[in-house]
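Student: What follows is the file target-v2.pdb, containing PDB, C-alpha atoms:
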```pdb
ATOM      1  CA  MET R 142      65.192  63.574-118.957  1.00  0.00           C
ATOM      2  CA  SER R 143      61.708  64.346-117.673  1.00  0.00           C
ATOM      3  CA  ASP R 144      58.861  62.117-118.844  1.00  0.00           C
ATOM      4  CA  PHE R 145      56.802  65.285-119.306  1.00  0.00           C
ATOM      5  CA  LYS R 146      59.225  67.364-121.366  1.00  0.00           C
ATOM      6  CA  GLY R 147      57.328  69.381-123.983  1.00  0.00           C
ATOM      7  CA  ARG R 148      54.016  69.155-122.127  1.00  0.00           C
ATOM      8  CA  HIS R 149      52.115  72.370-121.389  1.00  0.00           C
ATOM      9  CA  PHE R 150      51.300  71.111-117.905  1.00  0.00           C
ATOM     10  CA  GLU R 151      53.392  69.901-115.003  1.00  0.00           C
ATOM     11  CA  GLY R 152      53.805  66.176-114.531  1.00  0.00           C
ATOM     12  CA  GLU R 153      51.771  66.226-111.337  1.00  0.00           C
ATOM     13  CA  ILE R 154      48.740  67.600-113.191  1.00  0.00           C
ATOM     14  CA  VAL R 155      49.086  65.078-116.022  1.00  0.00           C
ATOM     15  CA  LEU R 156      49.308  62.152-113.593  1.00  0.00           C
ATOM     16  CA  TRP R 157      46.447  63.597-111.582  1.00  0.00           C
ATOM     17  CA  ALA R 158      44.180  63.512-114.659  1.00  0.00           C
ATOM     18  CA  VAL R 159      45.292  60.030-115.775  1.00  0.00           C
ATOM     19  CA  ARG R 160      44.900  58.595-112.285  1.00  0.00           C
ATOM     20  CA  TRP R 161      41.426  60.094-111.833  1.00  0.00           C
ATOM     21  CA  TYR R 162      40.218  58.856-115.183  1.00  0.00           C
ATOM     22  CA  CYS R 163      41.487  55.311-114.623  1.00  0.00           C
ATOM     23  CA  ARG R 164      40.296  55.104-111.025  1.00  0.00           C
ATOM     24  CA  TYR R 165      36.789  56.542-111.052  1.00  0.00           C
ATOM     25  CA  GLY R 166      35.200  55.540-114.354  1.00  0.00           C
ATOM     26  CA  ILE R 167      34.263  58.977-115.647  1.00  0.00           C
ATOM     27  CA  SER R 168      34.097  60.323-119.178  1.00  0.00           C
ATOM     28  CA  TYR R 169      36.809  62.511-120.669  1.00  0.00           C
ATOM     29  CA  ARG R 170      34.365  65.414-120.952  1.00  0.00           C
ATOM     30  CA  ASP R 171      33.344  65.113-117.302  1.00  0.00           C
ATOM     31  CA  LEU R 172      36.988  65.052-116.260  1.00  0.00           C
ATOM     32  CA  GLU R 173      37.630  68.134-118.408  1.00  0.00           C
ATOM     33  CA  GLN R 174      34.932  70.002-116.453  1.00  0.00           C
ATOM     34  CA  MET R 175      36.181  68.736-113.096  1.00  0.00           C
ATOM     35  CA  MET R 176      39.677  69.975-113.854  1.00  0.00           C
ATOM     36  CA  ALA R 177      38.322  73.317-115.044  1.00  0.00           C
ATOM     37  CA  GLU R 178      36.677  73.738-111.631  1.00  0.00           C
ATOM     38  CA  ARG R 179      40.162  73.470-110.151  1.00  0.00           C
ATOM     39  CA  GLY R 180      41.629  76.054-112.453  1.00  0.00           C
ATOM     40  CA  VAL R 181      43.151  73.673-115.010  1.00  0.00           C
ATOM     41  CA  SER R 182      41.899  74.375-118.525  1.00  0.00           C
ATOM     42  CA  VAL R 183      42.573  71.304-120.647  1.00  0.00           C
ATOM     43  CA  ASP R 184      40.633  69.787-123.547  1.00  0.00           C
ATOM     44  CA  HIS R 185      39.188  66.294-123.211  1.00  0.00           C
ATOM     45  CA  SER R 186      41.100  65.166-126.307  1.00  0.00           C
ATOM     46  CA  THR R 187      44.347  66.141-124.564  1.00  0.00           C
ATOM     47  CA  ILE R 188      43.376  64.065-121.524  1.00  0.00           C
ATOM     48  CA  TYR R 189      42.716  61.158-123.892  1.00  0.00           C
ATOM     49  CA  ARG R 190      46.249  61.455-125.287  1.00  0.00           C
ATOM     50  CA  TRP R 191      47.651  61.584-121.756  1.00  0.00           C
ATOM     51  CA  VAL R 192      45.820  58.383-120.842  1.00  0.00           C
ATOM     52  CA  GLN R 193      47.070  56.614-123.966  1.00  0.00           C
ATOM     53  CA  LYS R 194      50.675  57.531-123.206  1.00  0.00           C
ATOM     54  CA  TYR R 195      50.907  57.369-119.426  1.00  0.00           C
ATOM     55  CA  ALA R 196      48.372  54.719-118.335  1.00  0.00           C
ATOM     56  CA  PRO R 197      50.490  51.867-119.804  1.00  0.00           C
ATOM     57  CA  GLU R 198      53.583  53.452-118.235  1.00  0.00           C
ATOM     58  CA  ILE R 199      51.960  53.528-114.795  1.00  0.00           C
ATOM     59  CA  GLU R 200      51.075  49.835-115.146  1.00  0.00           C
ATOM     60  CA  LYS R 201      54.584  48.998-116.330  1.00  0.00           C
ATOM     61  CA  ARG R 202      56.475  50.984-113.694  1.00  0.00           C
ATOM     62  CA  LEU R 203      54.346  49.859-110.758  1.00  0.00           C
ATOM     63  CA  ARG R 204      54.037  46.263-111.926  1.00  0.00           C
ATOM     64  CA  TRP R 205      56.635  44.894-109.513  1.00  0.00           C
ATOM     65  CA  GLN R 206      54.820  46.639-106.641  1.00  0.00           C
ATOM     66  CA  TRP R 207      51.200  45.654-107.243  1.00  0.00           C
ATOM     67  CA  ARG R 208      51.697  42.248-108.855  1.00  0.00           C
ATOM     68  CA  CYS R 209      52.347  40.008-105.857  1.00  0.00           C
ATOM     69  CA  PRO R 210      49.883  37.092-105.574  1.00  0.00           C
ATOM     70  CA  ARG R 211      48.850  36.444-101.977  1.00  0.00           C
ATOM     71  CA  SER R 212      47.643  32.946-102.748  1.00  0.00           C
ATOM     72  CA  THR R 213      48.766  30.139-105.045  1.00  0.00           C
ATOM     73  CA  SER R 214      45.125  29.339-105.846  1.00  0.00           C
ATOM     74  CA  TRP R 215      44.168  31.246-108.983  1.00  0.00           C
ATOM     75  CA  ARG R 216      40.844  32.029-110.632  1.00  0.00           C
ATOM     76  CA  VAL R 217      41.052  32.515-114.417  1.00  0.00           C
ATOM     77  CA  ASP R 218      38.293  33.694-116.745  1.00  0.00           C
ATOM     78  CA  GLU R 219      37.660  35.995-119.699  1.00  0.00           C
ATOM     79  CA  THR R 220      35.115  38.744-120.255  1.00  0.00           C
ATOM     80  CA  TYR R 221      33.940  40.615-123.340  1.00  0.00           C
ATOM     81  CA  VAL R 222      35.060  44.103-124.370  1.00  0.00           C
ATOM     82  CA  ARG R 223      33.716  45.838-127.466  1.00  0.00           C
ATOM     83  CA  VAL R 224      36.447  47.210-129.746  1.00  0.00           C
ATOM     84  CA  GLY R 225      35.766  48.736-133.169  1.00  0.00           C
ATOM     85  CA  GLY R 226      32.235  47.356-133.168  1.00  0.00           C
ATOM     86  CA  LYS R 227      33.428  43.799-132.511  1.00  0.00           C
ATOM     87  CA  TRP R 228      33.713  41.736-129.359  1.00  0.00           C
ATOM     88  CA  THR R 229      37.211  41.047-128.047  1.00  0.00           C
ATOM     89  CA  TYR R 230      38.228  38.982-125.051  1.00  0.00           C
ATOM     90  CA  LEU R 231      39.846  40.250-121.885  1.00  0.00           C
ATOM     91  CA  TYR R 232      41.548  37.363-120.125  1.00  0.00           C
ATOM     92  CA  ARG R 233      41.989  37.968-116.394  1.00  0.00           C
ATOM     93  CA  ALA R 234      43.437  36.106-113.429  1.00  0.00           C
ATOM     94  CA  VAL R 235      42.958  36.844-109.736  1.00  0.00           C
ATOM     95  CA  ASP R 236      43.899  34.872-106.647  1.00  0.00           C
ATOM     96  CA  LYS R 237      41.261  33.412-104.350  1.00  0.00           C
ATOM     97  CA  HIS R 238      41.199  36.667-102.367  1.00  0.00           C
ATOM     98  CA  GLY R 239      40.399  38.697-105.490  1.00  0.00           C
ATOM     99  CA  ASN R 240      43.823  40.270-105.943  1.00  0.00           C
ATOM    100  CA  THR R 241      44.682  40.926-109.587  1.00  0.00           C
ATOM    101  CA  ILE R 242      47.459  38.725-110.957  1.00  0.00           C
ATOM    102  CA  ASP R 243      47.439  39.590-114.658  1.00  0.00           C
ATOM    103  CA  PHE R 244      45.311  40.350-117.718  1.00  0.00           C
ATOM    104  CA  TYR R 245      45.520  40.157-121.493  1.00  0.00           C
ATOM    105  CA  LEU R 246      43.313  41.580-124.259  1.00  0.00           C
ATOM    106  CA  SER R 247      42.929  39.319-127.281  1.00  0.00           C
ATOM    107  CA  PRO R 248      40.916  39.556-130.516  1.00  0.00           C
ATOM    108  CA  THR R 249      40.432  35.778-130.419  1.00  0.00           C
ATOM    109  CA  ARG R 250      39.261  33.198-127.946  1.00  0.00           C
ATOM    110  CA  ASN R 251      41.153  29.974-128.581  1.00  0.00           C
ATOM    111  CA  ILE R 252      43.964  27.774-127.273  1.00  0.00           C
ATOM    112  CA  ALA R 253      46.676  30.090-128.609  1.00  0.00           C
ATOM    113  CA  ALA R 254      45.147  33.128-126.862  1.00  0.00           C
ATOM    114  CA  ALA R 255      44.716  31.219-123.590  1.00  0.00           C
ATOM    115  CA  LYS R 256      48.323  30.057-123.800  1.00  0.00           C
ATOM    116  CA  ARG R 257      49.625  33.585-124.428  1.00  0.00           C
ATOM    117  CA  PHE R 258      47.695  34.880-121.443  1.00  0.00           C
ATOM    118  CA  LEU R 259      48.757  32.119-119.061  1.00  0.00           C
ATOM    119  CA  SER R 260      52.369  32.462-120.204  1.00  0.00           C
ATOM    120  CA  LYS R 261      52.206  36.201-119.463  1.00  0.00           C
ATOM    121  CA  ALA R 262      50.657  35.579-116.044  1.00  0.00           C
ATOM    122  CA  LEU R 263      53.305  33.004-115.107  1.00  0.00           C
ATOM    123  CA  ASN R 264      56.241  35.028-116.384  1.00  0.00           C
ATOM    124  CA  GLY R 265      58.489  36.583-113.769  1.00  0.00           C
ATOM    125  CA  LEU R 266      56.919  34.916-110.731  1.00  0.00           C
ATOM    126  CA  LYS R 267      59.064  33.749-107.834  1.00  0.00           C
ATOM    127  CA  ALA R 268      58.992  30.023-107.041  1.00  0.00           C
ATOM    128  CA  TRP R 269      56.674  30.553-104.072  1.00  0.00           C
ATOM    129  CA  GLU R 270      54.291  32.669-106.166  1.00  0.00           C
ATOM    130  CA  THR R 271      53.613  30.090-108.875  1.00  0.00           C
ATOM    131  CA  PRO R 272      50.117  28.593-108.731  1.00  0.00           C
ATOM    132  CA  THR R 273      49.369  25.201-107.242  1.00  0.00           C
ATOM    133  CA  VAL R 274      45.784  25.385-108.552  1.00  0.00           C
ATOM    134  CA  ILE R 275      44.332  27.217-111.557  1.00  0.00           C
ATOM    135  CA  ASN R 276      40.548  27.205-111.528  1.00  0.00           C
ATOM    136  CA  THR R 277      38.707  27.930-114.795  1.00  0.00           C
ATOM    137  CA  ASP R 278      35.249  27.473-116.233  1.00  0.00           C
ATOM    138  CA  LYS R 279      34.403  24.666-118.667  1.00  0.00           C
ATOM    139  CA  ALA R 280      36.033  26.416-121.641  1.00  0.00           C
ATOM    140  CA  PRO R 281      37.973  23.758-123.609  1.00  0.00           C
ATOM    141  CA  THR R 282      40.928  26.064-124.323  1.00  0.00           C
ATOM    142  CA  TYR R 283      42.612  26.194-120.928  1.00  0.00           C
ATOM    143  CA  GLY R 284      43.413  22.487-120.534  1.00  0.00           C
ATOM    144  CA  PRO R 285      45.474  22.163-123.747  1.00  0.00           C
ATOM    145  CA  ALA R 286      47.110  25.546-123.122  1.00  0.00           C
ATOM    146  CA  LEU R 287      48.276  24.492-119.672  1.00  0.00           C
ATOM    147  CA  ALA R 288      49.488  21.150-120.993  1.00  0.00           C
ATOM    148  CA  GLU R 289      51.622  22.918-123.604  1.00  0.00           C
ATOM    149  CA  LEU R 290      53.055  25.311-121.015  1.00  0.00           C
ATOM    150  CA  LYS R 291      53.965  22.415-118.736  1.00  0.00           C
ATOM    151  CA  ALA R 292      55.678  20.629-121.620  1.00  0.00           C
ATOM    152  CA  GLU R 293      57.684  23.808-122.316  1.00  0.00           C
ATOM    153  CA  GLY R 294      58.646  24.181-118.662  1.00  0.00           C
ATOM    154  CA  LYS R 295      56.784  27.467-118.237  1.00  0.00           C
ATOM    155  CA  CYS R 296      54.257  26.083-115.782  1.00  0.00           C
ATOM    156  CA  PRO R 297      55.022  23.827-112.781  1.00  0.00           C
ATOM    157  CA  GLU R 298      54.203  20.188-113.444  1.00  0.00           C
ATOM    158  CA  ASN R 299      52.311  19.903-110.159  1.00  0.00           C
ATOM    159  CA  THR R 300      49.905  22.755-110.977  1.00  0.00           C
ATOM    160  CA  GLU R 301      46.365  21.399-110.859  1.00  0.00           C
ATOM    161  CA  HIS R 302      43.814  22.508-113.441  1.00  0.00           C
ATOM    162  CA  ARG R 303      40.430  22.579-111.733  1.00  0.00           C
ATOM    163  CA  GLN R 304      37.081  23.355-113.388  1.00  0.00           C
ATOM    164  CA  VAL R 305      34.632  24.287-110.635  1.00  0.00           C
ATOM    165  CA  LYS R 306      32.269  27.010-111.826  1.00  0.00           C
ATOM    166  CA  TYR R 307      31.176  28.496-108.490  1.00  0.00           C
ATOM    167  CA  LEU R 308      34.798  29.043-107.427  1.00  0.00           C
ATOM    168  CA  ASN R 309      35.127  31.529-110.284  1.00  0.00           C
ATOM    169  CA  ASN R 310      32.543  33.817-108.677  1.00  0.00           C
ATOM    170  CA  VAL R 311      35.476  35.824-107.314  1.00  0.00           C
ATOM    171  CA  VAL R 312      36.862  36.716-110.740  1.00  0.00           C
ATOM    172  CA  GLU R 313      33.387  37.187-112.248  1.00  0.00           C
ATOM    173  CA  ALA R 314      32.530  39.708-109.517  1.00  0.00           C
ATOM    174  CA  ASP R 315      35.805  41.478-110.242  1.00  0.00           C
ATOM    175  CA  HIS R 316      34.859  41.610-113.945  1.00  0.00           C
ATOM    176  CA  GLY R 317      31.762  43.575-112.943  1.00  0.00           C
ATOM    177  CA  LYS R 318      33.733  46.190-111.027  1.00  0.00           C
ATOM    178  CA  LEU R 319      36.141  46.603-113.936  1.00  0.00           C
ATOM    179  CA  LYS R 320      33.211  46.968-116.347  1.00  0.00           C
ATOM    180  CA  GLN R 321      32.001  49.931-114.264  1.00  0.00           C
ATOM    181  CA  LEU R 322      35.207  51.717-115.277  1.00  0.00           C
ATOM    182  CA  ILE R 323      34.932  50.645-118.918  1.00  0.00           C
ATOM    183  CA  ARG R 324      31.254  51.599-119.344  1.00  0.00           C
ATOM    184  CA  PRO R 325      31.752  55.421-119.689  1.00  0.00           C
ATOM    185  CA  VAL R 326      34.174  54.789-122.583  1.00  0.00           C
ATOM    186  CA  ARG R 327      31.221  53.619-124.736  1.00  0.00           C
ATOM    187  CA  GLY R 328      33.381  51.441-126.930  1.00  0.00           C
ATOM    188  CA  PHE R 329      37.010  51.512-128.005  1.00  0.00           C
ATOM    189  CA  LYS R 330      38.057  52.108-131.603  1.00  0.00           C
ATOM    190  CA  THR R 331      41.213  49.999-131.824  1.00  0.00           C
ATOM    191  CA  LEU R 332      42.760  47.133-129.907  1.00  0.00           C
ATOM    192  CA  LYS R 333      45.833  49.262-129.159  1.00  0.00           C
ATOM    193  CA  THR R 334      43.893  52.107-127.550  1.00  0.00           C
ATOM    194  CA  ALA R 335      41.655  49.668-125.698  1.00  0.00           C
ATOM    195  CA  TYR R 336      44.595  47.779-124.210  1.00  0.00           C
ATOM    196  CA  ALA R 337      46.375  51.011-123.223  1.00  0.00           C
ATOM    197  CA  THR R 338      43.307  52.278-121.372  1.00  0.00           C
ATOM    198  CA  ILE R 339      42.544  48.927-119.738  1.00  0.00           C
ATOM    199  CA  LYS R 340      46.103  48.776-118.389  1.00  0.00           C
ATOM    200  CA  GLY R 341      45.351  51.992-116.523  1.00  0.00           C
ATOM    201  CA  PHE R 342      42.033  50.638-115.244  1.00  0.00           C
ATOM    202  CA  GLU R 343      43.636  47.407-114.070  1.00  0.00           C
ATOM    203  CA  VAL R 344      46.534  48.988-112.212  1.00  0.00           C
ATOM    204  CA  MET R 345      44.273  51.485-110.443  1.00  0.00           C
ATOM    205  CA  ARG R 346      41.906  48.665-109.498  1.00  0.00           C
ATOM    206  CA  ALA R 347      44.892  46.774-108.057  1.00  0.00           C
ATOM    207  CA  LEU R 348      46.008  49.814-106.056  1.00  0.00           C
ATOM    208  CA  ARG R 349      42.451  50.342-104.852  1.00  0.00           C
ATOM    209  CA  LYS R 350      42.428  46.765-103.570  1.00  0.00           C
ATOM    210  CA  GLY R 351      45.546  47.594-101.548  1.00  0.00           C
ATOM    211  CA  GLN R 352      47.891  45.397-103.547  1.00  0.00           C
ATOM    212  CA  ALA R 353      50.749  47.902-103.237  1.00  0.00           C
ATOM    213  CA  SER R 354      49.961  48.850 -99.625  1.00  0.00           C
ATOM    214  CA  SER R 355      53.507  47.992 -98.535  1.00  0.00           C
ATOM    215  CA  PHE R 356      54.714  50.956-100.607  1.00  0.00           C
ATOM    216  CA  ASN R 357      51.862  53.310 -99.625  1.00  0.00           C
ATOM    217  CA  ILE R 358      53.403  55.025 -96.619  1.00  0.00           C
ATOM    218  CA  THR R 359      50.325  56.910 -95.434  1.00  0.00           C
ATOM    219  CA  ARG R 360      47.863  54.126 -96.338  1.00  0.00           C
ATOM    220  CA  ASP R 361      45.442  56.613 -97.853  1.00  0.00           C
ATOM    221  CA  MET R 362      44.488  58.214-101.167  1.00  0.00           C
ATOM    222  CA  ARG R 363      47.309  60.737-101.015  1.00  0.00           C
ATOM    223  CA  GLY R 364      49.798  57.954-100.432  1.00  0.00           C
ATOM    224  CA  GLU R 365      48.415  56.185-103.503  1.00  0.00           C
ATOM    225  CA  ALA R 366      48.891  59.358-105.543  1.00  0.00           C
ATOM    226  CA  HIS R 367      52.468  59.705-104.271  1.00  0.00           C
ATOM    227  CA  LEU R 368      53.108  56.091-105.239  1.00  0.00           C
ATOM    228  CA  VAL R 369      52.201  56.892-108.848  1.00  0.00           C
ATOM    229  CA  GLU R 370      54.122  60.173-108.822  1.00  0.00           C
ATOM    230  CA  ARG R 371      57.312  58.562-107.477  1.00  0.00           C
ATOM    231  CA  ALA R 372      57.309  56.182-110.443  1.00  0.00           C
ATOM    232  CA  PHE R 373      57.840  59.267-112.637  1.00  0.00           C
ATOM    233  CA  ASN R 374      60.167  61.139-110.246  1.00  0.00           C
ATOM    234  CA  VAL R 375      57.459  63.679-109.482  1.00  0.00           C
ATOM    235  CA  GLY R 376      56.704  65.030-106.012  1.00  0.00           C
ATOM    236  CA  PRO R 377      58.473  64.165-102.745  1.00  0.00           C
ATOM    237  CA  CYS R 378      60.844  61.210-102.559  1.00  0.00           C
ATOM    238  CA  VAL R 379      59.935  58.271-100.355  1.00  0.00           C
ATOM    239  CA  LEU R 380      62.283  59.399 -97.552  1.00  0.00           C
ATOM    240  CA  ALA R 381      60.804  62.899 -97.446  1.00  0.00           C
ATOM    241  CA  GLU R 382      57.284  61.476 -97.435  1.00  0.00           C
ATOM    242  CA  ALA R 383      58.157  59.074 -94.611  1.00  0.00           C
ATOM    243  CA  VAL R 384      59.685  61.873 -92.493  1.00  0.00           C
ATOM    244  CA  GLN R 385      56.630  64.080 -93.063  1.00  0.00           C
ATOM    245  CA  PHE R 386      54.264  61.249 -92.151  1.00  0.00           C
ATOM    246  CA  ILE R 387      56.144  60.446 -88.936  1.00  0.00           C
ATOM    247  CA  SER R 388      56.187  64.133 -87.986  1.00  0.00           C
ATOM    248  CA  GLN R 389      52.435  64.361 -88.491  1.00  0.00           C
ATOM    249  CA  GLN R 390      51.850  61.259 -86.355  1.00  0.00           C
ATOM    250  CA  LEU R 391      54.006  62.680 -83.546  1.00  0.00           C
ATOM    251  CA  GLU R 392      52.105  65.971 -83.664  1.00  0.00           C
ATOM    252  CA  LEU R 393      48.803  64.087 -83.384  1.00  0.00           C
ATOM    253  CA  GLN R 394      50.084  62.181 -80.334  1.00  0.00           C
ATOM    254  CA  ASP R 395      51.187  65.397 -78.643  1.00  0.00           C
ATOM    255  CA  ALA R 396      47.896  67.168 -79.384  1.00  0.00           C
TER     256      ALA R 396
END
```
Will you turn the file into structure tokens for me?

Tutor:
Amino acid sequence: MSDFKGRHFEGEIVLWAVRWYCRYGISYRDLEQMMAERGVSVDHSTIYRWVQKYAPEIEKRLRWQWRCPRSTSWRVDETYVRVGGKWTYLYRAVDKHGNTIDFYLSPTRNIAAAKRFLSKALNGLKAWETPTVINTDKAPTYGPALAELKAEGKCPENTEHRQVKYLNNVVEADHGKLKQLIRPVRGFKTLKTAYATIKGFEVMRALRKGQASSFNITRDMRGEAHLVERAFNVGPCVLAEAVQFISQQLELQDA
């Protein structure tokens, strides 16, 4: 059954709107006007509902493609996100090259929250992907959380917990680029809607960094769009896209 059954618009248009919103940091009203310029009349509230439904699905379906740490040296930190007039905490982990590993939005900032995040980040990793070093700031929550995870067998015993502030510049710089996407939202109302939207922001940031480049046949923006569409069985299949790309390359060589 189609993921877009009952929608007034084709799946390609829905994914187009969700991908643009999560990639470029624009407001729903601005996106409404941009789509109207292209002949698609859709209300900004409808785009909001699309983002809430499909942004988490994009993150979920592409997770195995973009989530592949290229280094076993991690940088872990949290940043603030305003939800319902209160500050919440977005835990994030990147490798030393800045590639996104995982994230977790929490209403609290304590040992339990740090443990939940680190457990999520470690879950499903291959043996060669597990971290040898996890660098954090001086927050007192990470040490006990890692100790508990090691005792439970969820974190390798030989993983070093390092607290060197300047090494976290990589993740702090990445916070800033993510905040550029969050800023037009002007505050979330609930934790659920905030997390759904941030999942879309995070996965599009990962794709923009080239973390799923092995699956982006054309290595360009259109290939990125096709990557998202294929996850929902929309647009050309990977074989058809590959044949078309090869044909185009041959034509360029003959020209």

Student: For Arg170 in chain R, which residue among R:Pro325, R:Gly376, R:Gly284, R:Gly239 is the nearest when counting all atoms listed in the file?

Tutor: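 Going through R:Pro325, R:Gly376, R:Gly284, R:Gly239 one by one, the smallest distance to Arg170 in chain R is for R:Pro325.
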
Student: Written as a VMD selection string, what is the full residue list that the PyMOL selection byres ((chain R and resi 343-353) around 9) yields on the file shown?

Tutor: chain R and resid 160 163 to 164 196 199 to 200 203 to 204 206 to 210 239 to 244 318 to 319 338 to 342 354 to 357 360 362 365 368

Student: Which residues come within 9 Å of Trp191 in chain R, counting all atoms listed in the file, excluding same-chain residues fewer than 5 positions away, as a list in words?

Tutor: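 Close residues of Trp191 in chain R: Val155, Leu156, Ala158, Val159, Ser186 and Ala196 of chain R.
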
Student: Taking all atoms listed in the file into account, which of R:Tyr195, R:Pro272, R:Ile188, R:Ala337 comes nearest Arg211 in chain R?

Tutor: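 Residue with the minimum atom-to-atom distance to Arg211 in chain R: R:Pro272.
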
Student: What lies within 8 Å of Asp218 in chain R using all atoms listed in the file, ignoring chain neighbours under 5 positions off, as a list in words?

Tutor: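 After dropping sequence-adjacent residues, the list is Tyr232, Arg233, Ala234, Thr277, Asp278, Asn309, Val312 and Glu313 of chain R.
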
Student: Between CA of Trp157 in chain R and CA of Gly364 in chain R, what is the spacing in Å?

Tutor: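 Straight-line distance from CA of Gly364 in chain R to CA of Trp157 in chain R works out to 12.9 Å.
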
Student: When the PyMOL selection byres ((chain R and resi 212) around 8) is applied to the file above, which residues end up in the set, as a PyMOL selection string?

Tutor: chain R and resi 210-211+213-215+236-238+270+272

Student: Provide the CA of Val217 in chain R to CA of Tyr283 in chain R distance in Å, to one decimal place.

Tutor: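 Calculated distance between CA of Val217 in chain R and CA of Tyr283 in chain R is 9.2 Å.
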
Student: Find the residue from R:Thr187, R:Asn264, R:Asn374, R:Thr220 that sits nearest to Arg148 in chain R; use all atoms listed in the file when measuring.

Tutor: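 Of R:Thr187, R:Asn264, R:Asn374, R:Thr220, the one nearest Arg148 in chain R, counting all atoms listed in the file, is R:Thr187.
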
Student: Determine the residue membership of the PyMOL selection byres ((chain R and resi 298) around 12) for the file above and supply it as a PyMOL selection string.

Tutor: chain R and resi 271-274+287-297+299-302

Student: Could you please determine the separation between CA of Tyr189 in chain R and CA of Ser168 in chain R in Å, to one decimal place?

Tutor: 9.9 Å

Student: Of the candidates R:Val181, R:Ala286, R:Val224, R:Ile275, which one gets nearest to Arg257 in chain R if we count only C-alpha atoms?

Tutor: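 Residue with the minimum atom-to-atom distance to Arg257 in chain R: R:Ala286.
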
Student: Taking only C-alpha atoms into account, name the residue in R:Tyr336, R:Leu322, R:Pro377, R:Gly328 that is nearest to Lys227 in chain R.

Tutor: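 That would be R:Gly328, the residue with the smallest distance to Lys227 in chain R.
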
Student: Please complete range 296-300 of chain R so it has all heavy atoms, and hand it over as a JSON list (two decimals), in the frame of the given file.

Tutor:
```
[["chain", "number", "residue", "atom", "x", "y", "z"],
["R", 296, "CYS", "N", 55.24, 26.26, -116.85],
["R", 296, "CYS", "CA", 54.26, 26.08, -115.78],
["R", 296, "CYS", "C", 54.68, 24.89, -114.95],
["R", 296, "CYS", "O", 55.07, 23.85, -115.52],
["R", 296, "CYS", "CB", 52.86, 25.87, -116.37],
["R", 296, "CYS", "SG", 51.56, 25.63, -115.13],
["R", 297, "PRO", "N", 54.63, 24.97, -113.62],
["R", 297, "PRO", "CA", 55.02, 23.83, -112.78],
["R", 297, "PRO", "C", 54.21, 22.58, -113.11],
["R", 297, "PRO", "O", 53.00, 22.65, -113.33],
["R", 297, "PRO", "CB", 54.72, 24.32, -111.36],
["R", 297, "PRO", "CG", 54.78, 25.81, -111.45],
["R", 297, "PRO", "CD", 54.25, 26.15, -112.82],
["R", 298, "GLU", "N", 54.86, 21.46, -113.12],
["R", 298, "GLU", "CA", 54.20, 20.19, -113.44],
["R", 298, "GLU", "C", 53.10, 19.84, -112.45],
["R", 298, "GLU", "O", 52.12, 19.19, -112.80],
["R", 298, "GLU", "CB", 55.24, 19.07, -113.48],
["R", 298, "GLU", "CG", 56.10, 19.04, -114.73],
["R", 298, "GLU", "CD", 55.32, 18.57, -115.96],
["R", 298, "GLU", "OE1", 54.26, 17.94, -115.79],
["R", 298, "GLU", "OE2", 55.78, 18.86, -117.08],
["R", 299, "ASN", "N", 53.29, 20.27, -111.19],
["R", 299, "ASN", "CA", 52.31, 19.90, -110.16],
["R", 299, "ASN", "C", 51.13, 20.86, -110.08],
["R", 299, "ASN", "O", 50.27, 20.73, -109.20],
["R", 299, "ASN", "CB", 53.00, 19.83, -108.79],
["R", 299, "ASN", "CG", 53.60, 21.16, -108.36],
["R", 299, "ASN", "OD1", 53.70, 22.08, -109.16],
["R", 299, "ASN", "ND2", 53.98, 21.25, -107.10],
["R", 300, "THR", "N", 51.04, 21.83, -110.98],
["R", 300, "THR", "CA", 49.90, 22.76, -110.98],
["R", 300, "THR", "C", 48.64, 22.03, -111.42],
["R", 300, "THR", "O", 48.58, 21.45, -112.50],
["R", 300, "THR", "CB", 50.16, 23.95, -111.91],
["R", 300, "THR", "OG1", 51.30, 24.68, -111.44],
["R", 300, "THR", "CG2", 48.96, 24.88, -111.93]]
```
